[in-house]
$ cat structure-v9.cif   # mmCIF, C-alpha atoms
data_run
loop_
_atom_site.label_atom_id
_atom_site.label_comp_id
_atom_site.auth_asym_id
_atom_site.auth_seq_id
_atom_site.Cartn_x
_atom_site.Cartn_y
_atom_site.Cartn_z
CA MET A 20 64.16 -44.12 13.76
CA SER A 21 64.97 -40.47 13.03
CA ALA A 22 64.27 -41.08 9.34
CA VAL A 23 60.75 -42.12 10.29
CA LEU A 24 60.09 -39.34 12.81
CA ASP A 25 61.62 -36.40 10.94
CA PRO A 26 58.79 -36.13 8.35
CA ILE A 27 56.26 -36.19 11.18
CA PHE A 28 58.06 -33.42 13.10
CA GLU A 29 58.35 -31.44 9.88
CA TRP A 30 54.63 -31.77 9.22
CA PHE A 31 53.75 -30.48 12.70
CA GLY A 32 56.22 -27.64 12.24
CA ARG A 33 54.42 -26.54 9.10
CA LEU A 34 50.96 -26.70 10.68
CA PRO A 35 50.84 -23.13 12.12
CA GLY A 36 52.01 -21.77 8.76
CA ALA A 37 49.34 -23.79 6.97
CA ILE A 38 46.64 -22.40 9.24
CA ALA A 39 47.92 -18.85 8.67
CA ALA A 40 47.93 -19.46 4.91
CA TRP A 41 44.33 -20.74 5.08
CA ILE A 42 43.23 -17.60 6.96
CA ARG A 43 45.04 -15.37 4.44
CA GLY A 44 43.31 -17.21 1.60
CA LEU A 45 39.95 -16.74 3.27
CA ILE A 46 40.56 -12.99 3.64
CA ARG A 47 41.61 -12.77 -0.02
CA LEU A 48 38.38 -14.54 -1.00
CA VAL A 49 36.26 -12.06 0.96
CA LEU A 50 38.12 -9.07 -0.49
CA SER A 51 38.39 -10.38 -4.06
CA PRO A 52 35.20 -8.69 -5.38
CA PHE A 53 36.30 -5.35 -3.93
CA ARG A 54 39.80 -5.72 -5.36
CA GLY A 55 38.40 -6.65 -8.76
CA LEU A 56 36.08 -3.66 -8.81
CA TYR A 57 38.89 -1.33 -7.74
CA GLY A 58 41.18 -2.64 -10.49
CA PHE A 59 38.47 -2.19 -13.12
CA TYR A 60 37.79 1.31 -11.79
CA GLN A 61 41.46 2.28 -12.21
CA ARG A 62 41.52 1.11 -15.83
CA ALA A 63 38.21 2.76 -16.82
CA GLY A 64 37.77 6.14 -18.49
CA PHE A 65 36.34 9.24 -16.84
CA LEU A 66 32.68 8.69 -17.71
CA MET A 67 32.87 5.02 -16.81
CA ARG A 68 34.46 5.96 -13.47
CA VAL A 69 31.59 8.33 -12.73
CA ALA A 70 29.03 5.66 -13.61
CA LEU A 71 30.89 3.05 -11.55
CA GLY A 72 31.16 5.46 -8.63
CA VAL A 73 27.40 6.03 -8.61
CA LEU A 74 26.83 2.26 -8.53
CA ILE A 75 29.76 1.02 -6.48
CA ILE A 76 30.08 3.57 -3.68
CA PRO A 77 26.59 2.89 -2.22
CA LEU A 78 27.19 -0.86 -2.56
CA VAL A 79 30.56 -0.72 -0.79
CA ALA A 80 29.12 1.57 1.89
CA ALA A 81 26.23 -0.86 2.45
CA TYR A 82 28.60 -3.82 2.89
CA LEU A 83 30.87 -1.88 5.24
CA TRP A 84 27.83 -0.90 7.31
CA PHE A 85 26.72 -4.55 7.29
CA PHE A 86 30.13 -5.79 8.45
CA TRP A 87 30.07 -3.26 11.29
CA GLN A 88 26.58 -4.31 12.38
CA THR A 89 27.51 -7.99 12.42
CA ALA A 90 30.76 -7.44 14.34
CA TRP A 91 29.12 -7.97 17.75
CA ILE A 92 25.76 -8.15 19.54
CA ARG A 93 24.99 -4.80 21.13
CA ASP A 94 23.89 -4.84 24.79
CA TYR A 95 24.62 -8.56 25.11
CA ASP A 96 24.88 -9.58 28.76
CA ALA A 97 24.76 -13.19 29.92
CA ASP A 98 23.54 -11.98 33.33
CA TYR A 99 20.88 -9.64 31.99
CA PRO A 100 18.07 -11.03 34.23
CA ASP A 101 19.93 -9.60 37.23
CA ARG A 102 19.19 -6.08 35.99
CA TYR A 103 15.55 -6.54 36.98
CA ASP A 104 16.32 -7.38 40.59
CA PHE A 105 13.58 -10.00 40.59
CA GLY A 106 14.73 -11.33 43.95
CA GLN A 107 13.58 -8.15 45.69
CA SER A 108 10.02 -8.29 44.35
CA MET A 109 8.83 -11.89 44.58
CA ARG A 110 5.16 -11.20 43.92
CA SER A 111 3.09 -13.36 41.58
CA ALA A 112 1.83 -11.67 38.42
CA GLY A 113 -1.66 -10.25 38.82
CA GLU A 114 -1.59 -10.57 42.61
CA GLN A 115 -3.57 -7.77 44.22
CA VAL A 116 -1.94 -5.72 46.97
CA ALA A 117 -3.50 -2.86 48.91
CA VAL A 118 -1.77 0.50 48.46
CA GLU A 119 -0.44 1.98 51.69
CA GLY A 120 -2.19 5.17 52.66
CA GLY A 121 -5.12 4.52 50.32
CA ASP A 122 -8.70 3.57 51.14
CA GLU A 123 -9.80 -0.05 51.27
CA SER A 124 -10.77 -0.10 47.59
CA THR A 125 -7.39 1.20 46.38
CA LYS A 126 -5.34 -1.72 45.07
CA THR A 127 -2.55 -2.45 42.66
CA CYS A 128 -1.55 -5.69 40.98
CA GLY A 129 1.81 -7.22 40.20
CA GLN A 130 3.06 -6.87 36.64
CA SER A 131 4.22 -9.93 34.71
CA ALA A 132 7.98 -10.42 34.73
CA ILE A 133 7.59 -12.80 31.77
CA VAL A 134 5.98 -10.04 29.71
CA THR A 135 8.69 -7.56 30.75
CA ILE A 136 11.49 -9.93 29.72
CA THR A 137 9.79 -10.87 26.44
CA SER A 138 9.29 -7.22 25.53
CA ASP A 139 12.93 -6.41 26.30
CA LEU A 140 14.20 -9.40 24.30
CA ILE A 141 12.33 -8.14 21.23
CA ASP A 142 13.74 -4.68 21.92
CA LEU A 143 17.25 -6.18 22.00
CA ASN A 144 16.66 -7.73 18.58
CA VAL A 145 15.16 -4.81 16.68
CA ASN A 146 16.10 -1.59 18.50
CA LYS A 147 19.39 -2.14 20.30
CA ASN A 148 20.55 -4.18 17.31
CA VAL A 149 19.63 -4.14 13.64
CA TRP A 150 17.34 -7.01 12.68
CA LEU A 151 19.59 -8.67 10.10
CA SER A 152 17.44 -11.43 8.61
CA SER A 153 15.33 -8.96 6.61
CA ASN A 154 18.21 -6.66 5.70
CA PRO A 155 18.83 -6.64 1.91
CA VAL A 156 22.62 -6.98 2.29
CA TYR A 157 22.17 -10.07 4.44
CA LYS A 158 19.60 -11.52 2.04
CA ALA A 159 21.92 -10.82 -0.93
CA GLY A 160 24.65 -12.91 0.64
CA PHE A 161 28.21 -12.68 -0.64
CA PHE A 162 27.49 -10.59 -3.75
CA TRP A 163 24.53 -12.82 -4.66
CA MET A 164 26.92 -15.78 -5.02
CA VAL A 165 26.72 -17.51 -1.62
CA ASP A 166 24.24 -17.13 1.22
CA TRP A 167 25.83 -15.84 4.40
CA ASP A 168 24.32 -18.87 6.18
CA GLN A 169 26.58 -21.07 4.04
CA THR A 170 29.74 -19.27 5.15
CA TRP A 171 31.82 -19.09 8.33
CA PHE A 172 31.38 -15.35 8.81
CA PHE A 173 28.85 -12.50 9.14
CA ASP A 174 25.91 -14.79 9.96
CA ASN A 175 26.36 -15.63 13.64
CA LYS A 176 24.51 -12.57 14.88
CA ALA A 177 21.52 -13.24 12.61
CA ALA A 178 21.37 -16.84 13.86
CA PHE A 179 21.52 -15.65 17.47
CA GLN A 180 18.70 -13.16 16.81
CA ARG A 181 16.53 -15.87 15.28
CA GLY A 182 17.10 -18.06 18.33
CA VAL A 183 16.06 -15.23 20.66
CA HIS A 184 13.05 -14.55 18.46
CA GLN A 185 11.96 -18.20 18.53
CA ALA A 186 11.87 -18.16 22.34
CA ALA A 187 10.09 -14.79 22.44
CA SER A 188 7.54 -16.00 19.88
CA ARG A 189 6.86 -19.21 21.81
CA THR A 190 6.39 -17.18 25.00
CA ALA A 191 4.03 -14.70 23.30
CA ILE A 192 1.87 -17.60 22.08
CA GLU A 193 1.61 -19.05 25.59
CA LEU A 194 0.80 -15.63 27.04
CA ALA A 195 -2.06 -15.10 24.60
CA ASP A 196 -3.47 -18.65 24.62
CA ALA A 197 -3.11 -19.62 28.29
CA LEU A 198 -1.38 -17.34 30.77
CA GLY A 199 -3.28 -14.15 29.96
CA ARG A 200 -6.78 -15.60 30.35
CA VAL A 201 -8.70 -17.55 33.00
CA ARG A 202 -8.57 -21.33 32.42
CA GLY A 203 -8.52 -20.86 28.66
CA THR A 204 -12.27 -20.19 28.57
CA SER A 205 -12.36 -16.43 29.04
CA GLN A 206 -11.96 -13.93 26.24
CA ILE A 207 -8.41 -13.65 24.85
CA ASP A 208 -6.68 -10.44 25.89
CA THR A 209 -6.67 -8.14 22.87
CA ASP A 210 -3.17 -6.77 23.48
CA LEU A 211 -1.65 -10.22 23.91
CA GLN A 212 -3.49 -11.58 20.88
CA ALA A 213 -2.30 -8.70 18.72
CA ALA A 214 1.27 -9.03 20.04
CA LYS A 215 1.20 -12.74 19.22
CA GLY A 216 0.22 -11.94 15.63
CA ARG A 217 2.90 -9.25 15.23
CA ILE A 218 5.74 -11.36 16.58
CA GLN A 219 4.82 -14.28 14.30
CA PHE A 220 5.19 -12.11 11.21
CA ASP A 221 7.64 -13.25 8.51
CA GLN A 222 11.27 -12.67 9.54
CA PHE A 223 12.63 -11.74 6.09
CA THR A 224 10.47 -8.85 4.82
CA TRP A 225 12.08 -5.50 3.97
CA TYR A 226 10.60 -2.38 2.35
CA PHE A 227 11.26 -3.90 -1.10
CA ASN A 228 11.73 -7.64 -1.76
CA PRO A 229 12.60 -8.32 -5.40
CA PHE A 230 14.35 -11.69 -4.84
CA GLY A 231 12.14 -13.50 -2.35
CA PRO A 232 8.60 -14.78 -1.74
CA GLN A 233 7.73 -11.70 0.32
CA PRO A 234 5.63 -8.87 -1.25
CA PHE A 235 7.73 -6.86 -3.71
CA GLY A 236 6.90 -3.56 -2.02
CA PRO A 237 6.68 -0.95 -0.85
CA THR A 238 5.58 -2.78 2.28
CA THR A 239 6.01 -2.71 6.04
CA PRO A 240 9.31 -4.33 7.06
CA THR A 241 9.64 -7.05 9.67
CA PRO A 242 11.15 -4.87 12.46
CA SER A 243 8.10 -2.58 12.43
CA TYR A 244 5.84 -5.51 13.29
CA TYR A 245 8.10 -6.57 16.15
CA GLU A 246 8.32 -3.01 17.47
CA LYS A 247 4.53 -2.89 17.58
CA ALA A 248 4.56 -6.14 19.58
CA ILE A 249 6.71 -4.37 22.21
CA GLU A 250 4.08 -1.62 22.55
CA LEU A 251 1.29 -4.17 22.91
CA LEU A 252 3.11 -6.21 25.56
CA ASP A 253 3.91 -3.08 27.54
CA SER A 254 0.27 -1.98 27.26
CA TYR A 255 -0.87 -5.31 28.68
CA ASN A 256 1.54 -5.01 31.59
CA GLU A 257 0.32 -1.50 32.38
CA ARG A 258 -3.28 -2.74 32.47
CA LEU A 259 -2.21 -5.71 34.59
CA ALA A 260 -0.59 -3.34 37.11
CA ALA A 261 -3.89 -1.46 37.25
CA CYS A 262 -5.76 -4.75 37.88
CA ASP A 263 -7.46 -4.30 34.50
CA ALA A 264 -6.07 -7.47 32.91
CA THR A 265 -5.63 -11.14 33.83
CA PHE A 266 -2.61 -13.33 34.49
CA ASP A 267 -3.61 -16.83 35.52
CA ALA A 268 -0.67 -17.98 37.68
CA ARG A 269 -1.94 -21.51 38.33
CA ALA A 270 0.22 -24.61 38.66
CA ASP A 271 -1.27 -26.29 35.58
CA ASN A 272 -0.51 -23.19 33.50
CA LEU A 273 3.10 -23.28 34.68
CA LEU A 274 3.25 -27.00 33.89
CA GLN A 275 2.01 -26.40 30.34
CA PHE A 276 4.38 -23.45 29.84
CA LEU A 277 7.42 -25.45 30.94
CA ASP A 278 6.31 -28.36 28.77
CA ARG A 279 6.22 -26.07 25.69
CA ILE A 280 9.70 -24.74 26.48
CA ALA A 281 11.07 -28.26 26.98
CA LYS A 282 9.72 -29.30 23.58
CA ASP A 283 11.11 -26.17 21.94
CA ILE A 284 14.66 -26.65 23.18
CA GLY A 285 14.29 -30.39 22.57
CA SER A 286 13.81 -29.62 18.86
CA SER A 287 17.08 -27.65 18.89
CA SER A 288 18.78 -30.57 20.60
CA ALA A 289 17.62 -32.89 17.80
CA VAL A 290 19.04 -30.53 15.15
CA ILE A 291 22.37 -30.46 17.01
CA LYS A 292 22.41 -34.26 17.25
CA ASP A 293 21.76 -34.70 13.53
CA ARG A 294 24.46 -32.23 12.55
CA ALA A 295 27.01 -33.61 14.97
CA GLU A 296 26.47 -37.16 13.74
CA SER A 297 26.39 -36.43 10.01
CA HIS A 298 29.19 -33.84 9.79
CA ASN A 299 32.53 -33.99 11.56
CA SER A 300 34.55 -31.42 9.64
CA GLY A 301 35.51 -29.50 12.77
CA TRP A 302 36.32 -25.84 12.12
CA PHE A 303 35.46 -26.30 8.44
CA ASP A 304 31.74 -26.96 9.01
CA ALA A 305 30.14 -23.77 7.69
CA ARG A 306 26.74 -24.58 9.22
CA ALA A 307 27.88 -25.46 12.73
CA ASP A 308 28.21 -21.81 13.76
CA ASP A 309 24.61 -21.03 12.73
CA ILE A 310 23.21 -23.98 14.68
CA PHE A 311 25.35 -23.17 17.69
CA MET A 312 24.43 -19.45 17.73
CA TYR A 313 20.72 -20.15 17.13
CA SER A 314 20.69 -22.50 20.11
CA LYS A 315 22.65 -20.03 22.20
CA GLY A 316 20.18 -17.24 21.35
CA GLN A 317 17.26 -19.48 22.22
CA LEU A 318 18.78 -20.43 25.57
CA TYR A 319 19.78 -16.80 26.23
CA ALA A 320 16.12 -15.80 25.89
CA TYR A 321 14.72 -18.72 27.89
CA TYR A 322 17.23 -18.05 30.68
CA GLY A 323 15.55 -14.70 31.26
CA VAL A 324 12.01 -15.95 30.60
CA LEU A 325 12.38 -18.79 33.13
CA LYS A 326 13.90 -16.44 35.71
CA ALA A 327 10.82 -14.28 35.17
CA ALA A 328 8.45 -17.27 35.36
CA ARG A 329 9.86 -18.02 38.80
CA VAL A 330 8.65 -14.57 39.87
CA ASP A 331 5.25 -14.71 38.18
CA PHE A 332 4.57 -18.15 39.67
CA ALA A 333 6.29 -17.49 43.00
CA ASP A 334 3.44 -19.00 45.02
CA VAL A 335 3.45 -22.19 42.96
CA VAL A 336 7.24 -22.57 43.18
CA ASP A 337 7.08 -22.11 46.95
CA ARG A 338 4.12 -24.45 47.56
CA ARG A 339 5.49 -27.27 45.39
CA GLU A 340 9.05 -26.88 46.77
CA ILE A 341 10.75 -26.90 43.37
CA ALA A 342 13.25 -24.11 44.06
CA ASP A 343 16.26 -26.47 44.19
CA ILE A 344 15.47 -28.06 40.82
CA TRP A 345 14.84 -24.60 39.37
CA ASP A 346 18.25 -23.44 40.61
CA ARG A 347 19.96 -26.32 38.79
CA MET A 348 18.04 -25.60 35.61
CA GLU A 349 19.14 -21.96 35.69
CA GLU A 350 22.75 -23.02 36.28
CA HIS A 351 22.71 -25.23 33.20
CA LEU A 352 21.20 -22.48 31.04
CA ARG A 353 23.77 -19.99 32.34
CA SER A 354 26.61 -22.39 31.58
CA ALA A 355 25.35 -22.84 28.02
CA ILE A 356 25.19 -19.13 27.19
CA ALA A 357 28.61 -18.60 28.77
CA LEU A 358 30.20 -20.61 25.93
CA GLU A 359 32.24 -18.22 23.79
CA PRO A 360 34.40 -20.20 21.31
CA ALA A 361 36.57 -18.03 19.05
CA ILE A 362 35.87 -20.40 16.14
CA ILE A 363 32.90 -22.77 16.40
CA SER A 364 33.92 -26.33 15.63
CA ASN A 365 31.92 -29.47 14.94
CA GLY A 366 34.55 -32.13 15.53
CA ARG A 367 34.13 -35.76 16.44
CA GLU A 368 33.08 -36.50 20.00
CA ASP A 369 36.15 -38.72 20.39
CA GLY A 370 38.39 -36.45 18.33
CA TRP A 371 41.75 -35.29 19.66
CA MET A 372 42.38 -32.13 17.64
CA MET A 373 39.17 -30.29 16.75
CA PRO A 374 36.68 -29.61 19.61
CA THR A 375 32.97 -30.33 19.34
CA HIS A 376 31.17 -27.19 20.44
CA LEU A 377 27.81 -28.41 19.11
CA THR A 378 27.87 -31.44 21.38
CA THR A 379 28.91 -29.26 24.31
CA ILE A 380 25.98 -26.87 24.03
CA GLY A 381 23.73 -29.86 23.29
CA PHE A 382 24.79 -31.39 26.61
CA TYR A 383 23.66 -28.29 28.52
CA ILE A 384 20.39 -28.22 26.58
CA LEU A 385 19.66 -31.80 27.59
CA ARG A 386 20.54 -31.06 31.23
CA ALA A 387 18.22 -28.04 31.31
CA ARG A 388 15.49 -30.00 29.55
CA SER A 389 15.88 -32.81 32.08
CA ASN A 390 15.33 -30.29 34.87
CA LEU A 391 12.24 -28.91 33.10
CA VAL A 392 10.81 -32.42 32.82
CA GLU A 393 11.57 -33.04 36.50
CA ILE A 394 9.78 -29.83 37.53
CA ARG A 395 6.87 -30.79 35.29
CA SER A 396 6.57 -34.20 36.98
CA VAL A 397 6.45 -32.53 40.41
CA LEU A 398 3.72 -30.13 39.26
CA ASP A 399 1.74 -32.98 37.74
CA ARG A 400 1.44 -34.93 40.99
#

$ encode --input "structure-v9.cif" --output "structure tokens"
Amino acid sequence: MSAVLDPIFEWFGRLPGAIAAWIRGLIRLVLSPFRGLYGFYQRAGFLMRVALGVLIIPLVAAYLWFFWQTAWIRDYDADYPDRYDFGQSMRSAGEQVAVEGGDESTKTCGQSAIVTITSDLIDLNVNKNVWLSSNPVYKAGFFWMVDWDQTWFFDNKAAFQRGVHQAASRTAIELADALGRVRGTSQIDTDLQAAKGRIQFDQFTWYFNPFGPQPFGPTTPTPSYYEKAIELLDSYNERLAACDATFDARADNLLQFLDRIAKDIGSSSAVIKDRAESHNSGWFDARADDIFMYSKGQLYAYYGVLKAARVDFADVVDRREIADIWDRMEEHLRSAIALEPAIISNGREDGWMMPTHLTTIGFYILRARSNLVEIRSVLDR
């Protein structure tokens, strides 16, 4: 019996060393271009060293800066909606309230919490963090050999940003086309329409774009368009507070808004399902981290947007008695964005060694979507 079991015990004993060797090999692969350049630099003559220094030093500095920027998401907070203290100001967006101490004609209106959250989400992407998808180092990939999206490293933050941006873009469209006008027949609000156009701008444009379909340059980079969208959304909210703009907080508008969100996260769920079924390479799936982080960014944004929608449509939520369902939906979204795996794995659902993080976040997406559909059915009665 021992002759049969000894090789098995020996194999398990070598497993930690094998994992360490794989990690060391991965680090060597990442550093190999730098080591090669350094070795060539040491062997070169004086003039060649000067020429190499002029070319290499900016390149190395750019990659070091890029690695630092991708190390973590600045100002990330899973409980960020709590900063706004929405619970203390449950007033529907656009609702007129008389100002104390003023005459009878002096009024103020409630700002839109949805607009506030959307503006701050864009600010998180392009001001508190560097927008990576249009950055030339990100677009160049691993020394123009492999796209970062095809690797296990330095692409998670960009995927998260794109997920946040997808939710913000979907929200901006609904604000311009439905929520910011009366029954869809009034004139479109100019600030919301312009913000919608800015936030839908191409995600990959930099000042110069020699290797992509974007204009070669010089041109306006992507972050500048998104920054302008922040100004336009804030301008709309200021006019709304002055009762000089419209927010149509009707039940059918909320129904349509939730329906759009349910379809949006449903698309992400379908992508997760396809990847989980067609690839089961566990920690070695180089695309699983992008899909996971994109979905997490999308849910991170919708968690705040839906918290804000509960404020903007406070009267509807109260009249239709959907607070309990809404609470469960928020709990599922919060549970999804709380997932923080050290290494994202796409293992088999019935696997015993490698976890399946894609299926886990997909489960929470389906639970939240189920709650959205349930709320929609109540509103549609």

$ resolve_selection --input "structure-v9.cif" --expression "the PyMOL selection byres ((chain A and resi 135) around 10)" --output "list in words"
Tyr103, Gln130, Ser131, Ala132, Ile133, Val134, Ile136, Thr137, Ser138, Asp139, Leu140, Ile249, Leu252, Asp253, Asn256, Gly323, Val324 and Ala327 of chain A

$ closest_residue --input "structure-v9.cif" --among "A:Gly199, A:Ile362, A:Arg269, A:Leu211" --to "Ser254 in chain A" --atoms "all atoms listed in the file"
A:Leu211

$ closest_residue --input "structure-v9.cif" --among "A:Gln212, A:Trp167, A:Gly231, A:Ser354" --to "Ala305 in chain A" --atoms "all atoms listed in the file"
A:Trp167

$ closest_residue --input "structure-v9.cif" --among "A:Val156, A:Cys128, A:Leu50, A:Met312" --to "Ala81 in chain A" --atoms "all atoms listed in the file"
A:Val156

$ resolve_selection --input "structure-v9.cif" --expression "the PyMOL selection byres ((chain A and resi 381) around 9)" --output "list in words"
Ser287, Ser288, Ala289, Ile291, Lys292, Phe311, Ser314, Ala355, His376, Leu377, Thr378, Thr379, Ile380, Phe382, Tyr383, Ile384, Leu385 and Arg386 of chain A

$ resolve_selection --input "structure-v9.cif" --expression "the PyMOL selection byres ((chain A and resi 387) around 10)" --output "list in words"
Ala281, Ile284, Gly285, Leu318, Ile344, Trp345, Arg347, Met348, Glu349, Glu350, His351, Leu352, Arg353, Ala355, Gly381, Phe382, Tyr383, Ile384, Leu385, Arg386, Arg388, Ser389, Asn390, Leu391, Val392 and Glu393 of chain A

$ atom_distance --input "structure-v9.cif" --atom1 "CA of Thr224 in chain A" --atom2 "CA of Lys158 in chain A"
9.9 Å

$ atom_distance --input "structure-v9.cif" --atom1 "CA of Val330 in chain A" --atom2 "CA of Phe266 in chain A"
12.5 Å

$ residues_around --input "structure-v9.cif" --residues "Glu193 in chain A" --least-positions-apart "2" --cutoff "12 Å" --atoms "all atoms listed in the file" --output "PDB file with C-alpha atoms, in the frame of the given file"
ATOM      1  CA  ILE A 133       7.590 -12.800  31.770  1.00  0.00           C
ATOM      2  CA  VAL A 134       5.980 -10.040  29.710  1.00  0.00           C
ATOM      3  CA  THR A 137       9.790 -10.870  26.440  1.00  0.00           C
ATOM      4  CA  ALA A 186      11.870 -18.160  22.340  1.00  0.00           C
ATOM      5  CA  ALA A 187      10.090 -14.790  22.440  1.00  0.00           C
ATOM      6  CA  SER A 188       7.540 -16.000  19.880  1.00  0.00           C
ATOM      7  CA  ARG A 189       6.860 -19.210  21.810  1.00  0.00           C
ATOM      8  CA  THR A 190       6.390 -17.180  25.000  1.00  0.00           C
ATOM      9  CA  ALA A 191       4.030 -14.700  23.300  1.00  0.00           C
ATOM     10  CA  ALA A 195      -2.060 -15.100  24.600  1.00  0.00           C
ATOM     11  CA  ASP A 196      -3.470 -18.650  24.620  1.00  0.00           C
ATOM     12  CA  ALA A 197      -3.110 -19.620  28.290  1.00  0.00           C
ATOM     13  CA  LEU A 198      -1.380 -17.340  30.770  1.00  0.00           C
ATOM     14  CA  GLY A 199      -3.280 -14.150  29.960  1.00  0.00           C
ATOM     15  CA  ARG A 200      -6.780 -15.600  30.350  1.00  0.00           C
ATOM     16  CA  GLY A 203      -8.520 -20.860  28.660  1.00  0.00           C
ATOM     17  CA  ILE A 207      -8.410 -13.650  24.850  1.00  0.00           C
ATOM     18  CA  ASP A 208      -6.680 -10.440  25.890  1.00  0.00           C
ATOM     19  CA  LEU A 211      -1.650 -10.220  23.910  1.00  0.00           C
ATOM     20  CA  GLN A 212      -3.490 -11.580  20.880  1.00  0.00           C
ATOM     21  CA  ALA A 214       1.270  -9.030  20.040  1.00  0.00           C
ATOM     22  CA  LYS A 215       1.200 -12.740  19.220  1.00  0.00           C
ATOM     23  CA  PHE A 266      -2.610 -13.330  34.490  1.00  0.00           C
ATOM     24  CA  ASP A 267      -3.610 -16.830  35.520  1.00  0.00           C
ATOM     25  CA  ASN A 272      -0.510 -23.190  33.500  1.00  0.00           C
ATOM     26  CA  LEU A 273       3.100 -23.280  34.680  1.00  0.00           C
ATOM     27  CA  LEU A 274       3.250 -27.000  33.890  1.00  0.00           C
ATOM     28  CA  GLN A 275       2.010 -26.400  30.340  1.00  0.00           C
ATOM     29  CA  PHE A 276       4.380 -23.450  29.840  1.00  0.00           C
ATOM     30  CA  LEU A 277       7.420 -25.450  30.940  1.00  0.00           C
ATOM     31  CA  ASP A 278       6.310 -28.360  28.770  1.00  0.00           C
ATOM     32  CA  ARG A 279       6.220 -26.070  25.690  1.00  0.00           C
ATOM     33  CA  ILE A 280       9.700 -24.740  26.480  1.00  0.00           C
ATOM     34  CA  VAL A 324      12.010 -15.950  30.600  1.00  0.00           C
TER      35      VAL A 324
END

$ residues_near_point --input "structure-v9.cif" --point "(7.5, -7.6, 19.9)" --cutoff "7 Å" --atoms "only C-alpha atoms" --output "list in words"
Ser138, Ile141, Ala214, Arg217, Ile218, Tyr245, Glu246, Lys247, Ala248 and Ile249 of chain A

$ atom_distance --input "structure-v9.cif" --atom1 "CA of Arg47 in chain A" --atom2 "CA of Leu151 in chain A"
24.6 Å

$ residues_near_point --input "structure-v9.cif" --point "(15.5, -5.6, 13.0)" --cutoff "6 Å" --atoms "all atoms listed in the file" --output "list in words"
Val145, Val149, Trp150, Leu151 and Pro242 of chain A

$ closest_residue --input "structure-v9.cif" --among "A:Glu250, A:Phe161, A:Gly316, A:Ala40" --to "His184 in chain A" --atoms "all atoms listed in the file"
A:Gly316

$ closest_residue --input "structure-v9.cif" --among "A:Pro234, A:Thr265, A:Ile310, A:Arg181" --to "Thr209 in chain A" --atoms "all atoms listed in the file"
A:Thr265

$ residues_around --input "structure-v9.cif" --residues "Phe173 in chain A" --least-positions-apart "3" --cutoff "8 Å" --atoms "only C-alpha atoms" --output "ChimeraX atom specification"
/A:86,89-90,167,170,176

$ build_atoms --input "structure-v9.cif" --residues "range 232-244 of chain A" --atoms "N, CA and C atoms" --output "short mmCIF file (atom, residue, chain, number, x, y, z; two decimals), in the coordinates of the input"
data_model
loop_
_atom_site.label_atom_id
_atom_site.label_comp_id
_atom_site.auth_asym_id
_atom_site.auth_seq_id
_atom_site.Cartn_x
_atom_site.Cartn_y
_atom_site.Cartn_z
N PRO A 232 10.05 -14.55 -1.68
CA PRO A 232 8.60 -14.78 -1.74
C PRO A 232 7.80 -13.68 -1.07
N GLN A 233 8.44 -12.77 -0.36
CA GLN A 233 7.73 -11.70 0.32
C GLN A 233 7.18 -10.70 -0.71
N PRO A 234 6.18 -9.87 -0.33
CA PRO A 234 5.63 -8.87 -1.25
C PRO A 234 6.74 -7.96 -1.79
N PHE A 235 6.67 -7.67 -3.09
CA PHE A 235 7.73 -6.86 -3.71
C PHE A 235 7.89 -5.52 -3.00
N GLY A 236 6.82 -4.84 -2.72
CA GLY A 236 6.90 -3.56 -2.02
C GLY A 236 6.32 -2.42 -2.84
N PRO A 237 6.26 -1.24 -2.23
CA PRO A 237 6.68 -0.95 -0.85
C PRO A 237 5.75 -1.61 0.17
N THR A 238 6.35 -2.09 1.25
CA THR A 238 5.58 -2.78 2.28
C THR A 238 6.21 -2.51 3.64
N THR A 239 5.51 -2.91 4.68
CA THR A 239 6.01 -2.71 6.04
C THR A 239 7.07 -3.76 6.35
N PRO A 240 8.25 -3.36 6.79
CA PRO A 240 9.31 -4.33 7.06
C PRO A 240 9.09 -5.07 8.37
N THR A 241 9.76 -6.19 8.49
CA THR A 241 9.64 -7.05 9.67
C THR A 241 9.85 -6.30 10.99
N PRO A 242 10.93 -5.51 11.15
CA PRO A 242 11.15 -4.87 12.46
C PRO A 242 9.99 -4.02 12.94
N SER A 243 9.23 -3.43 12.02
CA SER A 243 8.10 -2.58 12.43
C SER A 243 7.03 -3.41 13.12
N TYR A 244 6.81 -4.62 12.64
CA TYR A 244 5.84 -5.51 13.29
C TYR A 244 6.30 -5.88 14.70
#
